[in-house]
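Listing of start.cif; format and content: mmCIF, C-alpha atoms and all ligand atoms.
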data_start
loop_
_atom_site.label_atom_id
_atom_site.label_comp_id
_atom_site.auth_asym_id
_atom_site.auth_seq_id
_atom_site.Cartn_x
_atom_site.Cartn_y
_atom_site.Cartn_z
CA MET A 1 41.20 -8.66 23.17
CA SER A 2 41.91 -5.36 21.46
CA VAL A 3 39.33 -2.58 21.50
CA VAL A 4 38.91 0.36 19.14
CA LEU A 5 40.37 3.46 20.77
CA SER A 6 38.27 6.56 21.31
CA ILE A 7 39.46 9.83 19.82
CA TRP A 8 40.19 10.97 23.39
CA GLU A 9 42.51 8.02 24.00
CA LYS A 10 44.20 8.45 20.62
CA GLU A 11 44.94 12.09 21.38
CA SER A 12 46.25 11.53 24.92
CA PHE A 13 47.63 8.22 26.23
CA TYR A 14 48.33 6.85 22.73
CA ALA A 15 49.33 10.09 20.99
CA PRO A 16 52.59 10.00 19.00
CA GLN A 17 55.58 10.69 21.23
CA ASP A 18 59.07 12.06 20.75
CA ILE A 19 60.63 9.35 22.91
CA ILE A 20 59.16 6.16 24.32
CA ILE A 21 61.20 4.53 27.04
CA VAL A 22 60.64 0.83 27.68
CA GLY A 23 61.29 -0.28 31.27
CA ALA A 24 60.56 1.77 34.42
CA GLY A 25 63.54 0.70 36.54
CA LEU A 26 66.18 3.19 37.67
CA MET A 27 67.70 3.52 34.19
CA GLY A 28 64.40 4.35 32.50
CA LEU A 29 63.27 6.67 35.29
CA TRP A 30 66.49 8.71 35.57
CA THR A 31 66.69 9.09 31.79
CA ALA A 32 63.06 10.21 31.57
CA LEU A 33 63.71 12.82 34.27
CA GLU A 34 66.88 14.08 32.58
CA LEU A 35 65.11 14.40 29.25
CA LYS A 36 62.26 16.45 30.71
CA GLU A 37 64.60 18.61 32.79
CA LYS A 38 66.70 19.38 29.73
CA ARG A 39 63.73 19.88 27.40
CA PRO A 40 60.35 20.25 29.15
CA SER A 41 58.38 20.33 25.87
CA LEU A 42 59.57 16.84 24.86
CA ARG A 43 56.77 14.26 24.70
CA VAL A 44 57.96 11.26 26.70
CA THR A 45 56.08 8.08 27.62
CA LEU A 46 57.43 5.21 29.70
CA LEU A 47 56.05 1.69 29.23
CA GLU A 48 56.50 -0.92 31.97
CA ARG A 49 55.30 -4.48 31.64
CA ASN A 50 54.67 -5.10 35.32
CA THR A 51 52.47 -3.27 37.82
CA THR A 52 55.63 -1.98 39.49
CA PRO A 53 59.17 -2.25 38.02
CA LEU A 54 60.31 -5.86 38.24
CA GLY A 55 63.93 -6.69 37.50
CA ALA A 56 66.75 -5.26 39.60
CA SER A 57 65.85 -1.76 40.79
CA THR A 58 63.26 -2.78 43.39
CA ARG A 59 64.98 -6.04 44.32
CA ASN A 60 68.57 -5.04 44.99
CA ALA A 61 70.46 -4.69 48.27
CA GLY A 62 70.32 -0.89 48.42
CA PHE A 63 74.07 -0.26 48.65
CA ALA A 64 74.87 3.32 47.72
CA CYS A 65 78.48 2.41 47.09
CA PHE A 66 81.17 3.44 44.67
CA GLY A 67 83.44 0.43 44.92
CA SER A 68 85.11 -1.90 47.39
CA PRO A 69 88.93 -1.73 47.40
CA THR A 70 89.71 -5.16 45.91
CA GLU A 71 87.09 -4.53 43.21
CA LEU A 72 88.67 -1.17 42.32
CA LEU A 73 92.18 -2.67 42.39
CA HIS A 74 91.04 -5.52 40.17
CA ASP A 75 89.45 -3.04 37.75
CA ALA A 76 92.65 -0.97 37.67
CA ASP A 77 94.65 -4.14 36.88
CA THR A 78 92.30 -5.34 34.15
CA GLN A 79 90.81 -2.14 32.64
CA GLY A 80 93.53 0.36 33.44
CA THR A 81 93.72 3.04 36.12
CA ASP A 82 91.94 5.77 34.12
CA ASP A 83 88.96 3.57 33.35
CA MET A 84 88.67 2.44 36.97
CA LEU A 85 88.77 6.06 38.17
CA ALA A 86 86.19 7.15 35.59
CA ILE A 87 83.65 4.60 36.84
CA ALA A 88 84.44 5.31 40.50
CA GLU A 89 83.87 9.01 39.86
CA MET A 90 80.55 8.31 38.11
CA ARG A 91 79.39 6.26 41.06
CA TYR A 92 80.51 8.89 43.57
CA ARG A 93 78.71 11.62 41.62
CA GLY A 94 75.67 9.37 41.23
CA ILE A 95 75.24 9.09 44.99
CA GLU A 96 75.63 12.85 45.37
CA LYS A 97 72.99 13.35 42.70
CA ILE A 98 70.50 11.03 44.43
CA ARG A 99 70.96 13.05 47.61
CA ALA A 100 70.48 16.31 45.74
CA HIS A 101 67.07 15.06 44.55
CA PHE A 102 65.74 13.41 47.71
CA THR A 103 66.15 13.97 51.43
CA ASP A 104 67.97 11.25 53.36
CA THR A 105 64.84 10.58 55.40
CA ALA A 106 62.64 10.16 52.33
CA ILE A 107 64.81 7.46 50.76
CA GLY A 108 66.11 5.88 53.97
CA PHE A 109 69.64 7.03 53.17
CA ASP A 110 71.93 5.83 55.95
CA ALA A 111 75.53 7.05 55.96
CA CYS A 112 76.49 3.85 57.74
CA GLY A 113 79.98 3.40 56.24
CA GLY A 114 81.18 0.47 54.17
CA TYR A 115 83.59 -2.39 54.78
CA GLU A 116 85.36 -5.09 52.84
CA CYS A 117 86.34 -8.32 54.57
CA ILE A 118 89.54 -9.79 53.14
CA ASN A 119 91.27 -13.07 53.86
CA GLN A 120 94.89 -14.13 53.54
CA ASP A 121 94.14 -16.11 50.40
CA TYR A 122 93.60 -12.80 48.56
CA THR A 123 96.14 -12.77 45.70
CA HIS A 124 97.68 -9.48 46.79
CA TRP A 125 97.47 -10.08 50.54
CA GLN A 126 101.15 -9.25 51.16
CA GLU A 127 100.95 -5.94 49.29
CA LEU A 128 97.50 -5.00 50.60
CA PRO A 129 98.61 -1.97 52.72
CA ASP A 130 100.71 -0.59 49.84
CA ARG A 131 97.94 -1.10 47.32
CA LEU A 132 95.41 0.60 49.60
CA ASN A 133 97.75 3.59 49.95
CA TRP A 134 98.09 3.76 46.19
CA LEU A 135 94.32 3.64 45.76
CA ASN A 136 93.79 6.27 48.44
CA GLY A 137 96.17 8.60 46.60
CA LEU A 138 94.19 8.20 43.40
CA LEU A 139 90.73 8.51 44.95
CA LYS A 140 91.60 11.63 46.93
CA GLY A 141 90.97 13.64 43.79
CA ILE A 142 87.38 12.34 43.68
CA THR A 143 86.35 12.18 47.32
CA GLY A 144 88.64 14.78 48.88
CA LYS A 145 89.51 12.22 51.59
CA PRO A 146 93.26 11.65 52.06
CA ALA A 147 92.87 8.10 53.41
CA LEU A 148 89.55 6.76 52.16
CA PHE A 149 90.29 3.06 52.76
CA GLN A 150 91.71 2.12 56.14
CA GLN A 151 92.43 -1.27 57.65
CA VAL A 152 90.47 -1.59 60.91
CA ASN A 153 90.97 -5.28 61.69
CA HIS A 154 90.33 -4.68 65.39
CA LYS A 155 86.65 -3.91 64.61
CA LEU A 156 85.89 -7.41 63.29
CA ALA A 157 85.21 -9.05 66.62
CA ALA A 158 83.32 -6.05 68.03
CA MET A 159 80.96 -6.26 65.05
CA GLY A 160 80.22 -9.91 65.72
CA LEU A 161 82.07 -11.15 62.63
CA ARG A 162 84.42 -14.13 62.50
CA GLY A 163 86.35 -16.06 59.88
CA PHE A 164 87.91 -12.99 58.23
CA ASP A 165 91.52 -11.84 58.47
CA SER A 166 91.18 -8.17 57.63
CA LEU A 167 88.55 -5.44 57.54
CA VAL A 168 88.94 -2.35 55.35
CA GLU A 169 86.70 0.60 56.16
CA ASN A 170 85.38 3.33 53.87
CA GLU A 171 83.41 5.73 55.98
CA THR A 172 81.80 7.52 53.02
CA GLU A 173 79.75 4.49 51.90
CA ALA A 174 76.04 4.27 52.59
CA ALA A 175 72.86 2.29 52.17
CA LEU A 176 69.35 3.30 51.17
CA HIS A 177 65.79 1.98 50.79
CA SER A 178 65.47 0.85 47.17
CA GLY A 179 61.67 0.73 47.17
CA LYS A 180 61.34 4.29 48.47
CA LEU A 181 63.91 5.56 45.95
CA VAL A 182 62.10 4.01 42.97
CA GLN A 183 58.69 5.11 44.23
CA LEU A 184 59.73 8.73 44.81
CA LEU A 185 61.65 8.88 41.55
CA THR A 186 58.55 7.59 39.74
CA GLN A 187 56.48 10.38 41.30
CA LYS A 188 59.10 12.94 40.29
CA VAL A 189 59.14 11.68 36.72
CA GLN A 190 55.35 11.88 36.52
CA ALA A 191 55.37 15.39 38.02
CA ALA A 192 57.83 16.39 35.28
CA GLY A 193 55.18 15.47 32.71
CA VAL A 194 56.13 11.93 31.67
CA THR A 195 53.24 9.51 31.12
CA ILE A 196 53.94 6.14 32.74
CA LEU A 197 51.80 3.23 31.58
CA SER A 198 52.20 -0.02 33.52
CA GLY A 199 51.10 -3.52 32.61
CA LEU A 200 52.11 -3.11 28.96
CA GLU A 201 54.74 -5.52 27.68
CA VAL A 202 56.44 -4.36 24.50
CA SER A 203 56.64 -7.24 22.04
CA THR A 204 57.72 -5.69 18.72
CA ILE A 205 59.52 -2.53 17.69
CA GLU A 206 59.70 -1.59 14.00
CA LYS A 207 60.91 1.42 12.12
CA GLN A 208 58.20 2.66 9.70
CA ASN A 209 58.88 5.77 7.61
CA ASN A 210 59.83 8.51 10.09
CA SER A 211 58.56 6.81 13.24
CA VAL A 212 59.21 3.76 15.31
CA CYS A 213 56.10 1.62 15.92
CA ILE A 214 55.70 -0.35 19.11
CA THR A 215 53.20 -3.14 19.68
CA THR A 216 52.54 -4.56 23.10
CA ARG A 217 51.60 -8.10 24.04
CA GLN A 218 48.23 -6.64 25.07
CA ASN A 219 47.88 -5.45 21.45
CA HIS A 220 48.26 -1.71 21.97
CA GLN A 221 50.14 0.38 19.42
CA PHE A 222 52.37 3.37 20.07
CA THR A 223 54.59 5.50 17.85
CA ALA A 224 57.60 7.63 18.66
CA ILE A 225 60.45 9.31 16.86
CA HIS A 226 62.91 7.34 18.98
CA VAL A 227 62.65 4.37 21.34
CA LEU A 228 64.95 3.79 24.30
CA LEU A 229 65.22 0.30 25.75
CA CYS A 230 65.89 0.32 29.50
CA THR A 231 64.98 -3.32 29.83
CA ASN A 232 68.30 -4.44 31.32
CA ALA A 233 68.76 -8.24 31.27
CA PHE A 234 65.41 -8.69 29.49
CA THR A 235 66.59 -6.74 26.43
CA ASN A 236 67.53 -9.94 24.63
CA GLU A 237 63.79 -10.72 24.33
CA LEU A 238 63.37 -7.59 22.17
CA ALA A 239 66.72 -6.98 20.48
CA PRO A 240 69.32 -9.69 21.04
CA ILE A 241 72.58 -8.20 22.30
CA ALA A 242 75.26 -10.83 22.69
CA ALA A 243 77.26 -8.71 25.12
CA ILE A 244 74.52 -8.84 27.80
CA GLN A 245 74.25 -11.79 30.15
CA PRO A 246 71.49 -12.12 32.75
CA ALA A 247 72.68 -12.77 36.30
CA ARG A 248 70.22 -13.63 39.03
CA GLY A 249 71.02 -12.18 42.43
CA GLN A 250 69.41 -13.66 45.54
CA VAL A 251 68.92 -12.07 48.91
CA ILE A 252 67.92 -13.26 52.38
CA VAL A 253 66.97 -11.20 55.44
CA THR A 254 67.18 -12.42 59.04
CA SER A 255 64.74 -11.83 61.85
CA PRO A 256 65.73 -8.97 64.21
CA ILE A 257 68.90 -9.80 66.15
CA PRO A 258 68.77 -8.06 69.57
CA ASN A 259 71.61 -5.55 70.03
CA LEU A 260 73.14 -6.32 66.64
CA PRO A 261 76.57 -4.65 66.85
CA MET A 262 77.17 -4.70 63.09
CA LYS A 263 76.35 -1.43 61.30
CA GLY A 264 77.28 -0.71 57.70
CA SER A 265 77.47 -2.31 54.27
CA PHE A 266 79.91 -5.17 53.75
CA HIS A 267 81.59 -6.94 50.81
CA PHE A 268 83.54 -10.18 50.62
CA ASP A 269 85.04 -12.37 47.91
CA GLU A 270 85.15 -9.85 45.04
CA GLY A 271 81.62 -8.78 45.91
CA PHE A 272 80.15 -12.27 45.49
CA TYR A 273 78.86 -11.87 49.05
CA TYR A 274 77.43 -8.57 50.30
CA TRP A 275 75.50 -7.77 53.43
CA ARG A 276 74.29 -4.83 55.50
CA ASN A 277 72.32 -4.18 58.61
CA LEU A 278 68.68 -3.31 58.01
CA GLY A 279 67.90 -1.88 61.42
CA ASP A 280 68.74 -4.84 63.63
CA ARG A 281 68.32 -7.43 60.86
CA ILE A 282 70.99 -8.62 58.44
CA LEU A 283 70.33 -8.50 54.70
CA LEU A 284 72.72 -10.83 52.85
CA GLY A 285 72.95 -11.33 49.10
CA GLY A 286 75.10 -13.12 46.59
CA ALA A 287 76.53 -16.65 46.36
CA ARG A 288 75.93 -16.52 42.60
CA ASN A 289 79.39 -18.04 42.21
CA SER A 290 78.14 -21.22 43.90
CA ALA A 291 76.08 -21.97 40.75
CA PHE A 292 77.27 -19.68 37.96
CA GLU A 293 75.56 -21.37 35.03
CA ALA A 294 72.21 -21.90 36.73
CA GLU A 295 72.16 -18.28 37.89
CA ALA A 296 72.68 -16.88 34.37
CA THR A 297 68.91 -16.67 33.99
CA THR A 298 66.01 -14.18 33.88
CA ASP A 299 63.84 -16.54 35.93
CA LEU A 300 62.93 -14.77 39.17
CA THR A 301 61.98 -17.94 41.03
CA GLY A 302 65.28 -18.25 42.89
CA SER A 303 66.98 -21.43 43.96
CA ALA A 304 67.13 -23.32 47.23
CA SER A 305 70.82 -24.17 46.72
CA VAL A 306 71.91 -20.52 46.56
CA ARG A 307 69.73 -19.66 49.56
CA LYS A 308 71.41 -22.54 51.41
CA ALA A 309 74.86 -21.17 50.45
CA LEU A 310 73.81 -17.78 51.88
CA GLU A 311 72.51 -19.34 55.10
CA ASP A 312 75.75 -21.34 55.46
CA PHE A 313 77.74 -18.13 55.01
CA LEU A 314 75.86 -16.48 57.88
CA ALA A 315 76.37 -19.50 60.12
CA GLN A 316 80.09 -19.50 59.31
CA HIS A 317 80.74 -15.79 59.79
CA LEU A 318 78.34 -14.52 62.47
CA HIS A 319 79.16 -14.81 66.14
CA PRO A 320 77.52 -18.03 67.41
CA SER A 321 75.60 -16.16 70.10
CA PHE A 322 73.39 -14.47 67.45
CA GLN A 323 69.93 -16.04 67.37
CA TYR A 324 67.92 -15.54 64.19
CA ARG A 325 65.76 -17.17 61.55
CA ILE A 326 65.43 -16.25 57.88
CA ASP A 327 62.33 -14.08 57.54
CA HIS A 328 62.51 -12.93 53.91
CA HIS A 329 64.09 -14.01 50.65
CA TRP A 330 63.79 -12.81 47.07
CA SER A 331 65.71 -12.62 43.83
CA GLY A 332 66.32 -9.98 41.17
CA ILE A 333 67.89 -10.02 37.73
CA MET A 334 71.00 -8.05 36.79
CA GLY A 335 72.36 -7.44 33.31
CA PHE A 336 76.10 -8.08 33.07
CA THR A 337 78.73 -7.18 30.51
CA ALA A 338 82.13 -8.89 30.39
CA ASP A 339 83.95 -5.67 31.36
CA LYS A 340 81.30 -4.74 33.97
CA ARG A 341 80.64 -1.46 32.15
CA PRO A 342 77.15 -0.13 31.31
CA TYR A 343 76.12 -0.65 27.70
CA THR A 344 74.62 2.24 25.73
CA ALA A 345 74.37 1.84 21.98
CA ARG A 346 72.09 2.15 18.97
CA VAL A 347 70.73 -1.38 18.52
CA LYS A 348 68.64 -0.76 15.41
CA GLU A 349 67.32 2.16 13.42
CA GLY A 350 65.50 4.49 15.78
CA VAL A 351 66.21 2.34 18.83
CA THR A 352 68.87 2.88 21.53
CA ALA A 353 69.56 0.58 24.50
CA ALA A 354 70.84 1.76 27.89
CA ILE A 355 71.38 -1.34 29.96
CA ALA A 356 73.69 -3.48 32.03
CA CYS A 357 74.62 -1.37 35.01
CA ASN A 358 75.75 -4.72 36.42
CA GLY A 359 75.67 -4.82 40.22
CA MET A 360 76.09 -1.06 40.66
CA GLY A 361 73.10 0.62 39.04
CA VAL A 362 71.93 2.53 42.12
CA ALA A 363 74.89 4.89 41.86
CA LEU A 364 75.52 4.63 38.11
CA THR A 365 72.10 5.13 36.52
CA PRO A 366 71.71 8.85 37.45
CA ILE A 367 75.00 9.64 35.70
CA VAL A 368 74.60 7.33 32.69
CA ALA A 369 71.24 9.07 32.18
CA GLU A 370 72.90 12.51 31.95
CA LYS A 371 75.07 11.72 28.94
CA LEU A 372 72.50 9.48 27.29
CA SER A 373 69.73 12.09 27.46
CA GLN A 374 72.00 14.63 25.78
CA GLN A 375 72.79 12.15 22.99
CA LEU A 376 69.07 11.48 22.49
CA LEU A 377 68.22 15.18 22.41
CA ASP A 378 70.72 15.67 19.62
CA TYR A 379 68.12 13.95 17.38
CA PHE A 380 65.52 16.65 17.88
C1 LIG B 401 69.95 -8.97 44.11
C2 LIG B 401 70.51 -7.70 43.55
C3 LIG B 401 71.28 -6.87 44.37
C4 LIG B 401 71.80 -5.69 43.88
N1 LIG B 401 72.41 -4.83 44.75
C5 LIG B 401 72.80 -3.61 44.32
C6 LIG B 401 73.29 -2.66 45.24
O1 LIG B 401 73.30 -2.91 46.45
N2 LIG B 401 73.74 -1.46 44.77
C7 LIG B 401 73.70 -1.17 43.43
O2 LIG B 401 74.16 -0.10 43.03
N3 LIG B 401 73.17 -2.04 42.54
C8 LIG B 401 72.71 -3.23 42.96
N4 LIG B 401 72.15 -4.10 42.07
C9 LIG B 401 72.09 -3.72 40.64
C10 LIG B 401 71.05 -2.63 40.38
O3 LIG B 401 69.85 -2.95 41.04
C11 LIG B 401 70.84 -2.56 38.84
O4 LIG B 401 72.08 -2.22 38.23
C12 LIG B 401 69.81 -1.49 38.44
O5 LIG B 401 68.67 -1.56 39.24
C13 LIG B 401 69.43 -1.69 36.98
O6 LIG B 401 68.35 -0.85 36.66
P1 LIG B 401 67.64 -0.96 35.25
O7 LIG B 401 66.60 0.09 35.21
O8 LIG B 401 68.69 -0.97 34.19
O9 LIG B 401 67.00 -2.42 35.21
P2 LIG B 401 65.64 -3.07 35.94
O10 LIG B 401 65.50 -2.46 37.26
O11 LIG B 401 65.81 -4.50 35.79
O12 LIG B 401 64.51 -2.47 35.01
C14 LIG B 401 64.15 -3.06 33.78
C15 LIG B 401 62.64 -2.91 33.65
O13 LIG B 401 62.25 -3.25 32.31
C16 LIG B 401 60.98 -3.87 32.39
N5 LIG B 401 60.78 -4.62 31.14
C17 LIG B 401 61.52 -5.66 30.68
N6 LIG B 401 61.08 -6.08 29.48
C18 LIG B 401 60.02 -5.28 29.17
C19 LIG B 401 59.14 -5.22 28.04
N7 LIG B 401 59.26 -6.06 27.02
N8 LIG B 401 58.16 -4.26 28.03
C20 LIG B 401 58.03 -3.39 29.07
N9 LIG B 401 58.84 -3.41 30.16
C21 LIG B 401 59.83 -4.34 30.21
C22 LIG B 401 61.08 -4.76 33.62
O14 LIG B 401 59.81 -5.14 34.10
C23 LIG B 401 61.86 -3.86 34.57
O15 LIG B 401 61.00 -3.12 35.42
C24 LIG B 401 71.60 -5.31 42.51
C25 LIG B 401 70.83 -6.13 41.70
C26 LIG B 401 70.28 -7.30 42.21
C27 LIG B 401 69.42 -8.16 41.30
#

What would the structure in this file look like if it were written as structure tokens?
Amino acid sequence: MSVVLSIWEKESFYAPQDIIIVGAGLMGLWTALELKEKRPSLRVTLLERNTTPLGASTRNAGFACFGSPTELLHDADTQGTDDMLAIAEMRYRGIEKIRAHFTDTAIGFDACGGYECINQDYTHWQELPDRLNWLNGLLKGITGKPALFQQVNHKLAAMGLRGFDSLVENETEAALHSGKLVQLLTQKVQAAGVTILSGLEVSTIEKQNNSVCITTRQNHQFTAIHVLLCTNAFTNELAPIAAIQPARGQVIVTSPIPNLPMKGSFHFDEGFYYWRNLGDRILLGGARNSAFEAEATTDLTGSASVRKALEDFLAQHLHPSFQYRIDHHWSGIMGFTADKRPYTARVKEGVTAAIACNGMGVALTPIVAEKLSQQLLDYF
């Protein structure tokens, strides 16, 4: 039921804005912060349809990573070396930027190191050492490390892993607490003067004269000079964008495993499986490739078959002496593009979308937000 607004409400919460951002995940939050840092007088409101952000940002695996070696090599082969390096640099800078804003303790940042498990059926298995050297040479310019990726196969058994032929280490990778990051970033955005209104689902967006008018499912109206959609995989509900595909990611977490020897973040099978230690538990996500079509959905319910594939993976690859049960499971929704690149574009008059950070938004969103905020400010 809609109510008539008081003059107080009209002149505060519902006052015309310069920019309204839809979606309070990492993309919306970092962009709001950038806008206010660049131009403090800008009137910015952020609308979120759930009580807390509900999509990918609070439901991911918390890898602060800038790319596993086979992923980067694949990107260099398919997108070209320059493009691969540009994204790797964005991700590297993104992690540095997160750490410049928040202390490691506050966001549970753990410089635990990262690993990729590789098996002999990898297409470039024979050339792996040469390709890693090539990659190291290229990435030195970004990280300053002469030998970023190193094969450390001898560590596999000591970590309690089995069923892999090679382990490649990247000691600069890290993990963080996604809930704490989003919560603290939200507080920072509010402290910068952005109004965040939760529980308001945007249902229509229309250009009228010099403003863009927004109506919510709860029948509230807002106006702004420009609207920014940070609604990731849900954007198709508001402004269909053929290039964006939803991809559900599912995660399981074990009970504590006494004396767990495995520390770090891990990738396998082109990133279709990823896991990390969470204290002495293991958090494992992925297996989307076990049911590609069914997982191309925005339904957060999750599926028993993917959870089973994840449990089977643990049973196959953990040392049999580990005793555990599955204590937690959840799912989140990613937005994917065919080339795995973020999508920022004008989608209709007065409306821009900044979406699809694929499976790497933790590191990418702070940097995508920098360029995007500058483009938006060019309107004013
Ligand atoms: C299982 C899983 C694991 C992942 N692991 C990692 C990882 O380890 N490292 C990494 O870098 N990345 C990871 N990612 C990807 C990363 O989480 C995303 O790239 C990033 O969070 C995307 O942020 P976003 O703000 O674009 O989208 P979201 O966080 O999805 O935010 C979109 C927001 O828009 C809101 N919204 C939607 N429609 C409306 C509407 N009509 N009105 C108002 N609000 C609306 C939603 O409620 C939501 O809060 C993972 C993702 C998943 C799902």

Using 7 Å as the limit and counting all atoms listed in the file, can you tabulate each residue of chain A that touches ligand LIG 401 (chain B), with its shortest atom-to-atom distance in Å and the two atoms involved, as a tab-separated table?
residue	atom	partner	partner_atom	distance
A:Val22	CA	B:LIG401	C20	5.2
A:Gly23	CA	B:LIG401	O13	3.3
A:Ala24	CA	B:LIG401	O15	5.0
A:Gly25	CA	B:LIG401	O7	3.4
A:Leu26	CA	B:LIG401	O7	4.0
A:Met27	CA	B:LIG401	O7	3.7
A:Gly28	CA	B:LIG401	O7	5.5
A:Leu47	CA	B:LIG401	C20	5.5
A:Glu48	CA	B:LIG401	N9	3.9
A:Arg49	CA	B:LIG401	C20	3.9
A:Asn50	CA	B:LIG401	O14	5.3
A:Thr52	CA	B:LIG401	O15	6.8
A:Pro53	CA	B:LIG401	O15	3.3
A:Leu54	CA	B:LIG401	O15	4.0
A:Gly55	CA	B:LIG401	O11	3.4
A:Ala56	CA	B:LIG401	O10	3.9
A:Ser57	CA	B:LIG401	O5	3.2
A:Thr58	CA	B:LIG401	O10	6.5
A:Arg59	CA	B:LIG401	C27	5.8
A:Asn60	CA	B:LIG401	C3	3.3
A:Ala61	CA	B:LIG401	O1	3.8
A:Gly62	CA	B:LIG401	O1	4.1
A:Phe63	CA	B:LIG401	O1	3.5
A:Ala64	CA	B:LIG401	N2	5.7
A:Cys65	CA	B:LIG401	O2	6.4
A:Leu200	CA	B:LIG401	C20	5.9
A:Glu201	CA	B:LIG401	N8	3.7
A:Val202	CA	B:LIG401	N8	3.9
A:Ser203	CA	B:LIG401	N7	5.7
A:Cys230	CA	B:LIG401	O8	5.6
A:Thr231	CA	B:LIG401	O13	3.7
A:Asn232	CA	B:LIG401	O8	4.5
A:Ala233	CA	B:LIG401	O11	6.6
A:Phe234	CA	B:LIG401	N6	5.1
A:Thr235	CA	B:LIG401	N6	6.3
A:Leu238	CA	B:LIG401	N7	6.5
A:Arg248	CA	B:LIG401	C27	6.0
A:Gly249	CA	B:LIG401	C1	3.8
A:Gln250	CA	B:LIG401	C1	4.9
A:Val251	CA	B:LIG401	C1	5.8
A:Gly285	CA	B:LIG401	C1	6.3
A:Ser331	CA	B:LIG401	C1	5.6
A:Gly332	CA	B:LIG401	C27	3.6
A:Ile333	CA	B:LIG401	C27	4.3
A:Met334	CA	B:LIG401	C27	4.8
A:Ile355	CA	B:LIG401	O8	5.0
A:Ala356	CA	B:LIG401	O8	6.0
A:Cys357	CA	B:LIG401	O4	4.2
A:Asn358	CA	B:LIG401	O4	4.8
A:Gly359	CA	B:LIG401	C9	3.8
A:Met360	CA	B:LIG401	O2	3.2
A:Gly361	CA	B:LIG401	O4	3.1
A:Val362	CA	B:LIG401	O2	3.6
A:Ala363	CA	B:LIG401	O2	5.2
A:Leu364	CA	B:LIG401	O2	7.0

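The residues that lie within 10 Å of the point (92.7, -12.8, 45.8), counting all atoms listed in the file, are Thr70, His74, Ile118, Asn119, Gln120, Asp121, Tyr122, Thr123, His124, Trp125, Asp269 and Glu270 of chain A.
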
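Nearest residue to Ile19 of chain A among A:His226, A:Lys180, A:Arg341, A:Lys263 is A:His226, counting only C-alpha atoms.
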
Q.
If I take atom CA of Thr186 of chain A and atom CA of Gly67 of chain A, how far is one from the other in Å, to one decimal?
A.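 Between these atoms lies a distance of 26.4 Å.
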
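When all atoms listed in the file are used to measure the gap to Phe380 of chain A, the shortest distance among A:Ile225, A:Leu33, A:Ala15, A:Ala309 belongs to A:Ile225.
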
Q.
Just the number, please: distance in Å from atom CA of Ala157 of chain A to atom CA of Leu139 of chain A, one decimal.
A.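 These two atoms are separated by 28.4 Å.
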
Q) Quick one: of A:Thr215, A:Pro320, A:Asp299, A:Arg131, who's nearest to Ile257 of chain A, counting only C-alpha atoms? A) A:Pro320

(Q) Under the rule that all atoms listed in the file are counted, which of A:Ile367, A:Gln245, A:Ser373, A:Leu318 is the nearest residue to Gly335 of chain A? (A) A:Gln245

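Going from atom CA of Phe266 of chain A to atom CA of Gly286 of chain A covers 11.7 Å.
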
(Q) Considering all atoms listed in the file, can you say which of A:Ile241, A:Ile326, A:Leu300, A:Leu197 comes closest to Tyr343 of chain A? (A)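 Smallest distance to Tyr343 of chain A is found for A:Ile241.
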
(Q) Give me, as a ChimeraX atom specification, all polymer residues having an atom no more than 9 Å from Asp110 of chain A, counting only C-alpha atoms and skipping those fewer than 3 positions away in the same chain. (A) /A:104-105,107,113,173-177,264

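Restricting the calculation to only C-alpha atoms, the smallest distance between Glu89 of chain A and any of A:Cys213, A:Val182, A:Ala338, A:Val368 is found for A:Val368.
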
(Q) If we draw a sphere of 6 Å around (88.1, -2.3, 56.6), which residues have at least one atom in it when counting all atoms listed in the file? Please report them as a PyMOL selection string. (A) chain A and resi 115-116+150-152+167-169

Q: Name all residues at most 12 Å from His328 of chain A (count all atoms listed in the file; drop same-chain ones fewer than 3 positions away) and give them as an NGL selection string.
A: :A and (250-256 or 281-285 or 307 or 311 or 324-325 or 331)

**Q.** Contact residues around Met262 of chain A with only C-alpha atoms at 9 Å, ignoring same-chain residues under 5 positions, as a list in words
**A.**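 The residues that qualify are Ala158, Met159, Gly160, Leu161, Arg276, Asn277, Asp280 and Ile282 of chain A.
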
Q: Fewer than 6 positions away in the same chain doesn't count, so skip those; otherwise give me all residues within 9 Å of Leu42 of chain A, counting only C-alpha atoms, as a count of residues only.
A: 5

(Q) Just want the 10 Å neighbourhood of Gln190 of chain A, counted on all atoms listed in the file, with same-chain residues fewer than 2 positions away dropped. Output as a PyMOL selection string. (A) chain A and resi 29+32-33+45-46+184-188+192-196
